>>> print(open('work19.tsv').read())   # TSV, C-alpha atoms
chain	number	residue	atom	x	y	z
R	236	MET	CA	14.91	24.64	9.67
R	237	PRO	CA	14.91	21.57	7.36
R	238	SER	CA	11.77	19.44	7.39
R	239	PHE	CA	9.84	16.80	5.47
R	240	ASP	CA	6.39	15.22	5.53
R	241	VAL	CA	5.71	11.50	5.81
R	242	VAL	CA	2.60	10.45	3.92
R	243	SER	CA	1.10	7.12	2.96
R	244	GLU	CA	-0.21	6.89	-0.54
R	245	VAL	CA	-0.40	4.33	-3.30
R	246	ASP	CA	0.73	5.35	-6.78
R	247	LYS	CA	-2.43	5.04	-8.89
R	248	HIS	CA	-0.52	4.38	-12.10
R	249	GLU	CA	1.48	1.58	-10.54
R	250	ALA	CA	-1.72	0.12	-9.08
R	251	GLN	CA	-3.35	0.18	-12.54
R	252	ASN	CA	-0.24	-1.44	-14.02
R	253	ALA	CA	-0.33	-4.17	-11.35
R	254	VAL	CA	-4.02	-4.89	-12.06
R	255	ASP	CA	-3.33	-5.00	-15.81
R	256	GLN	CA	-0.41	-7.35	-15.23
R	257	ALA	CA	-2.61	-9.62	-13.08
R	258	ASN	CA	-5.27	-9.62	-15.84
R	259	ARG	CA	-2.63	-10.65	-18.41
R	260	GLU	CA	-1.46	-13.44	-16.14
R	261	LEU	CA	-5.07	-14.50	-15.69
R	262	SER	CA	-5.56	-14.82	-19.46
R	263	THR	CA	-2.46	-17.02	-19.85
R	264	ARG	CA	-3.02	-19.40	-16.94
R	265	PHE	CA	-4.18	-22.87	-17.92
R	266	ASP	CA	-6.44	-23.33	-14.88
R	267	PHE	CA	-8.41	-20.19	-15.83
R	268	ARG	CA	-9.16	-21.23	-19.45
R	269	GLY	CA	-12.84	-20.86	-20.26
R	270	VAL	CA	-13.55	-19.14	-16.92
R	271	SER	CA	-15.04	-15.67	-16.68
R	272	ALA	CA	-12.57	-14.26	-14.15
R	273	SER	CA	-11.30	-10.69	-14.06
R	274	PHE	CA	-9.67	-7.90	-12.04
R	275	GLU	CA	-11.09	-4.39	-12.17
R	276	LEU	CA	-9.70	-1.23	-10.56
R	277	LYS	CA	-11.91	1.74	-9.70
R	278	GLU	CA	-10.85	4.47	-7.26
R	279	LEU	CA	-8.23	2.25	-5.54
R	280	VAL	CA	-10.71	-0.60	-5.08
R	281	VAL	CA	-9.83	-3.80	-6.92
R	282	THR	CA	-12.82	-6.03	-7.68
R	283	MET	CA	-11.99	-9.67	-8.32
R	284	THR	CA	-14.68	-11.69	-10.09
R	285	ALA	CA	-14.58	-15.45	-10.68
R	286	ASP	CA	-16.81	-18.52	-10.88
R	287	HIS	CA	-15.68	-20.22	-7.65
R	288	GLU	CA	-14.26	-19.30	-4.27
R	289	PHE	CA	-11.01	-21.23	-4.74
R	290	GLN	CA	-10.35	-19.24	-7.92
R	291	ILE	CA	-10.66	-16.03	-5.91
R	292	ASP	CA	-7.97	-17.32	-3.54
R	293	GLN	CA	-5.67	-17.97	-6.51
R	294	MET	CA	-6.46	-14.51	-7.87
R	295	LYS	CA	-5.51	-12.93	-4.53
R	296	SER	CA	-2.04	-14.44	-4.79
R	297	MET	CA	-1.77	-13.29	-8.43
R	298	LEU	CA	-2.71	-9.73	-7.43
R	299	THR	CA	-0.32	-9.61	-4.49
R	300	GLY	CA	2.49	-10.95	-6.68
R	301	ALA	CA	1.83	-8.33	-9.36
R	302	MET	CA	1.71	-5.55	-6.76
R	303	THR	CA	4.97	-6.70	-5.21
R	304	LYS	CA	6.64	-6.67	-8.63
R	305	ARG	CA	5.39	-3.10	-9.18
R	306	GLY	CA	6.80	-1.94	-5.82
R	307	ILE	CA	3.50	-1.54	-3.94
R	308	LYS	CA	3.38	-2.85	-0.38
R	309	VAL	CA	0.81	-5.62	-0.18
R	310	THR	CA	0.00	-4.78	3.43
R	311	CYS	CA	-2.00	-1.75	2.28
R	312	LEU	CA	-4.57	-4.15	0.73
R	313	GLU	CA	-7.67	-4.84	2.77
R	314	PHE	CA	-9.72	-7.74	1.39
R	315	GLY	CA	-13.48	-7.62	1.88
R	316	LYS	CA	-15.91	-10.47	2.33
R	317	LEU	CA	-16.93	-12.88	-0.39
R	318	GLU	CA	-20.05	-11.66	-2.18
R	319	GLY	CA	-22.44	-13.61	-4.33
R	320	ALA	CA	-23.06	-17.28	-4.85
R	321	GLY	CA	-23.79	-19.60	-7.71
R	322	LYS	CA	-22.41	-18.39	-11.05
R	323	GLN	CA	-20.29	-15.37	-9.99
R	324	VAL	CA	-18.33	-14.67	-6.82
R	325	LYS	CA	-16.78	-11.25	-6.05
R	326	VAL	CA	-14.28	-9.91	-3.56
R	327	LYS	CA	-13.30	-6.27	-3.20
R	328	ALA	CA	-9.78	-5.34	-2.13
R	329	THR	CA	-9.39	-1.77	-0.91
R	330	MET	CA	-6.02	-0.04	-0.98
R	331	ARG	CA	-5.62	1.94	2.23
R	332	GLN	CA	-4.14	5.41	2.03
R	333	GLY	CA	-3.29	7.98	4.64
R	334	ILE	CA	-1.65	7.56	8.01
R	335	ASP	CA	-4.25	6.87	10.68
R	336	SER	CA	-3.89	8.50	14.09
R	337	ASP	CA	-2.62	5.35	15.86
R	338	LEU	CA	0.18	4.84	13.35
R	339	ALA	CA	1.02	8.56	13.43
R	340	ARG	CA	1.33	8.52	17.22
R	341	LYS	CA	3.49	5.40	16.99
R	342	MET	CA	5.79	7.10	14.45
R	343	VAL	CA	6.14	10.19	16.65
R	344	LYS	CA	6.97	7.94	19.62
R	345	MET	CA	9.59	6.11	17.52
R	346	VAL	CA	11.23	9.43	16.66
R	347	LYS	CA	11.28	10.54	20.30
R	348	ASP	CA	12.62	7.16	21.50
R	349	SER	CA	15.41	7.20	18.90
R	350	LYS	CA	17.10	10.21	20.57
R	351	ILE	CA	17.72	11.81	17.17
R	352	LYS	CA	17.59	15.59	17.49
R	353	VAL	CA	14.40	16.16	15.50
R	354	GLN	CA	10.79	17.00	16.32
R	355	ALA	CA	7.86	15.07	14.87
R	356	SER	CA	4.28	16.30	14.84
R	357	VAL	CA	1.01	14.90	13.50
R	358	GLN	CA	-0.78	17.07	10.94
R	359	GLY	CA	-3.94	15.34	9.77
R	360	GLU	CA	-2.92	12.32	7.70
R	361	THR	CA	0.75	13.32	7.57
R	362	VAL	CA	3.62	13.39	10.03
R	363	ARG	CA	5.94	16.42	9.81
R	364	VAL	CA	9.52	15.90	10.94
R	365	GLN	CA	11.72	18.95	11.59
R	366	GLY	CA	15.35	19.16	12.63
R	367	LYS	CA	18.44	21.35	12.42
R	368	ALA	CA	20.63	18.93	10.50
R	369	ARG	CA	19.82	17.31	7.19
R	370	ASP	CA	21.65	14.13	8.28
R	371	ASP	CA	19.29	13.72	11.23
R	372	LEU	CA	16.28	13.91	8.90
R	373	GLN	CA	17.82	11.30	6.62
R	374	ALA	CA	18.45	9.06	9.64
R	375	VAL	CA	14.74	9.30	10.53
R	376	MET	CA	13.82	8.39	6.93
R	377	ALA	CA	16.09	5.34	7.10
R	378	MET	CA	14.55	4.35	10.44
R	379	PHE	CA	11.01	4.52	9.01
R	380	ARG	CA	12.01	2.52	5.91
R	381	SER	CA	13.67	-0.23	7.92
R	382	ASP	CA	10.89	-0.65	10.51
R	383	GLU	CA	8.80	-3.75	9.82
R	384	SER	CA	5.97	-2.74	12.17
R	385	ILE	CA	4.90	0.06	9.82
R	386	ASP	CA	2.63	-1.80	7.43
R	387	MET	CA	1.77	1.09	5.12
R	388	PRO	CA	3.66	2.28	2.05
R	389	LEU	CA	5.39	5.49	3.16
R	390	ALA	CA	6.46	8.39	0.96
R	391	PHE	CA	8.56	11.36	2.01
R	392	LYS	CA	7.35	14.65	0.53
R	393	ASN	CA	8.12	18.36	0.83
R	394	PHE	CA	11.74	17.97	1.85
R	395	LYS	CA	12.78	21.55	2.62
R	396	ASP	CA	16.35	22.46	3.34
>>> encode(input="work19.tsv", output="structure tokens")
Amino acid sequence: MPSFDVVSEVDKHEAQNAVDQANRELSTRFDFRGVSASFELKELVVTMTADHEFQIDQMKSMLTGAMTKRGIKVTCLEFGKLEGAGKQVKVKATMRQGIDSDLARKMVKMVKDSKIKVQASVQGETVRVQGKARDDLQAVMAMFRSDESIDMPLAFKNFKD
């Protein structure tokens, strides 16, 4: 019986490339000349450091633009609170991974409501979809890709025929 797994994960290499691209843009921007501002990525947590709060807001838009260009959904970013005062201000942006149980249940409900002849089940942080026909599985993939209410970057793994 053909099946596939739906997982939510961010490509670490693309995330590093997006942060590097944002750092390059930071070094060329006129309004950041002479300012000690930087992006740093460690374990899918981007730390933005700048001198003032308004610069952090500009850096957020630079980061989201770079991530969009690299094909990473911006909705997986979760911005933390502003830390520090005076000379340096920091904000941490965490990239969420994994399908939480609410989203998994919602995806299973979407599959059942679609009347496509497949079964969906939650297995930890993945959703397994099984069906008799390969076309039905591809229809479910298309449905997940087109749905705007799913705000996580989805990947389809372990497609078995």
>>> closest_residue(input="work19.tsv", among="R:Phe239, R:Lys322, R:Val254, R:Gly306", to="R:Ser271", atoms="all atoms listed in the file")
R:Lys322
>>> residues_near_point(input="work19.tsv", point="(3.4, 12.5, 15.7)", cutoff="10 Å", atoms="only C-alpha atoms", output="PyMOL selection string")
chain R and resi 336-347+354-359+361-364
>>> closest_residue(input="work19.tsv", among="R:Ala250, R:Met236, R:Ala390, R:Met297", to="R:Asp371", atoms="all atoms listed in the file")
R:Met236
>>> closest_residue(input="work19.tsv", among="R:Val309, R:Ala253, R:Ala374, R:Val241", to="R:Phe391", atoms="only C-alpha atoms")
R:Val241
>>> closest_residue(input="work19.tsv", among="R:Lys304, R:Asp240, R:Met378, R:Gln323", to="R:Val270", atoms="only C-alpha atoms")
R:Gln323
>>> closest_residue(input="work19.tsv", among="R:Ala377, R:Cys311, R:Leu372, R:Leu389", to="R:Glu360", atoms="only C-alpha atoms")
R:Leu389
>>> closest_residue(input="work19.tsv", among="R:Lys327, R:Lys350, R:Arg305, R:Lys316", to="R:Lys277", atoms="all atoms listed in the file")
R:Lys327
>>> build_atoms(input="work19.tsv", residues="stretch 240-261 of chain R", atoms="N, CA, C and O atoms", output="tab-separated table (two decimals), in the coordinates of the input")
chain	number	residue	atom	x	y	z
R	240	ASP	N	7.66	15.83	5.14
R	240	ASP	CA	6.39	15.22	5.53
R	240	ASP	C	6.41	13.74	5.17
R	240	ASP	O	6.89	13.36	4.10
R	241	VAL	N	5.87	12.92	6.08
R	241	VAL	CA	5.71	11.50	5.81
R	241	VAL	C	4.25	11.27	5.50
R	241	VAL	O	3.37	11.61	6.30
R	242	VAL	N	3.97	10.74	4.32
R	242	VAL	CA	2.60	10.45	3.92
R	242	VAL	C	2.52	8.99	3.48
R	242	VAL	O	3.53	8.36	3.19
R	243	SER	N	1.33	8.48	3.44
R	243	SER	CA	1.10	7.12	2.96
R	243	SER	C	0.14	7.18	1.80
R	243	SER	O	-1.03	7.52	1.97
R	244	GLU	N	0.66	6.88	0.63
R	244	GLU	CA	-0.21	6.89	-0.54
R	244	GLU	C	0.26	5.84	-1.53
R	244	GLU	O	1.43	5.49	-1.58
R	245	VAL	N	-0.68	5.34	-2.29
R	245	VAL	CA	-0.40	4.33	-3.30
R	245	VAL	C	-0.38	5.04	-4.65
R	245	VAL	O	-1.28	5.82	-4.96
R	246	ASP	N	0.64	4.77	-5.44
R	246	ASP	CA	0.73	5.35	-6.78
R	246	ASP	C	-0.36	4.73	-7.66
R	246	ASP	O	-0.37	3.51	-7.89
R	247	LYS	N	-1.29	5.55	-8.13
R	247	LYS	CA	-2.43	5.04	-8.89
R	247	LYS	C	-2.00	4.40	-10.20
R	247	LYS	O	-2.59	3.41	-10.63
R	248	HIS	N	-0.98	4.95	-10.84
R	248	HIS	CA	-0.52	4.38	-12.10
R	248	HIS	C	0.10	3.01	-11.90
R	248	HIS	O	-0.14	2.09	-12.68
R	249	GLU	N	0.89	2.88	-10.84
R	249	GLU	CA	1.48	1.58	-10.54
R	249	GLU	C	0.41	0.56	-10.16
R	249	GLU	O	0.52	-0.61	-10.49
R	250	ALA	N	-0.62	1.02	-9.44
R	250	ALA	CA	-1.72	0.12	-9.08
R	250	ALA	C	-2.45	-0.36	-10.33
R	250	ALA	O	-2.78	-1.54	-10.46
R	251	GLN	N	-2.70	0.56	-11.28
R	251	GLN	CA	-3.35	0.18	-12.54
R	251	GLN	C	-2.47	-0.79	-13.32
R	251	GLN	O	-2.97	-1.78	-13.88
R	252	ASN	N	-1.16	-0.54	-13.34
R	252	ASN	CA	-0.24	-1.44	-14.02
R	252	ASN	C	-0.24	-2.82	-13.39
R	252	ASN	O	-0.18	-3.84	-14.09
R	253	ALA	N	-0.30	-2.88	-12.05
R	253	ALA	CA	-0.33	-4.17	-11.35
R	253	ALA	C	-1.61	-4.94	-11.67
R	253	ALA	O	-1.58	-6.16	-11.89
R	254	VAL	N	-2.74	-4.23	-11.73
R	254	VAL	CA	-4.02	-4.89	-12.06
R	254	VAL	C	-3.99	-5.38	-13.51
R	254	VAL	O	-4.44	-6.50	-13.81
R	255	ASP	N	-3.45	-4.57	-14.42
R	255	ASP	CA	-3.33	-5.00	-15.81
R	255	ASP	C	-2.42	-6.22	-15.94
R	255	ASP	O	-2.72	-7.14	-16.71
R	256	GLN	N	-1.33	-6.22	-15.20
R	256	GLN	CA	-0.41	-7.35	-15.23
R	256	GLN	C	-1.09	-8.61	-14.70
R	256	GLN	O	-0.92	-9.70	-15.24
R	257	ALA	N	-1.88	-8.48	-13.63
R	257	ALA	CA	-2.61	-9.62	-13.08
R	257	ALA	C	-3.66	-10.13	-14.08
R	257	ALA	O	-3.86	-11.34	-14.22
R	258	ASN	N	-4.31	-9.22	-14.81
R	258	ASN	CA	-5.27	-9.62	-15.84
R	258	ASN	C	-4.58	-10.38	-16.97
R	258	ASN	O	-5.12	-11.37	-17.49
R	259	ARG	N	-3.38	-9.93	-17.37
R	259	ARG	CA	-2.63	-10.65	-18.41
R	259	ARG	C	-2.25	-12.04	-17.94
R	259	ARG	O	-2.33	-13.00	-18.70
R	260	GLU	N	-1.82	-12.13	-16.68
R	260	GLU	CA	-1.46	-13.44	-16.14
R	260	GLU	C	-2.68	-14.34	-16.08
R	260	GLU	O	-2.60	-15.54	-16.34
R	261	LEU	N	-3.82	-13.75	-15.76
R	261	LEU	CA	-5.07	-14.50	-15.69
R	261	LEU	C	-5.43	-15.10	-17.05
R	261	LEU	O	-5.90	-16.23	-17.13
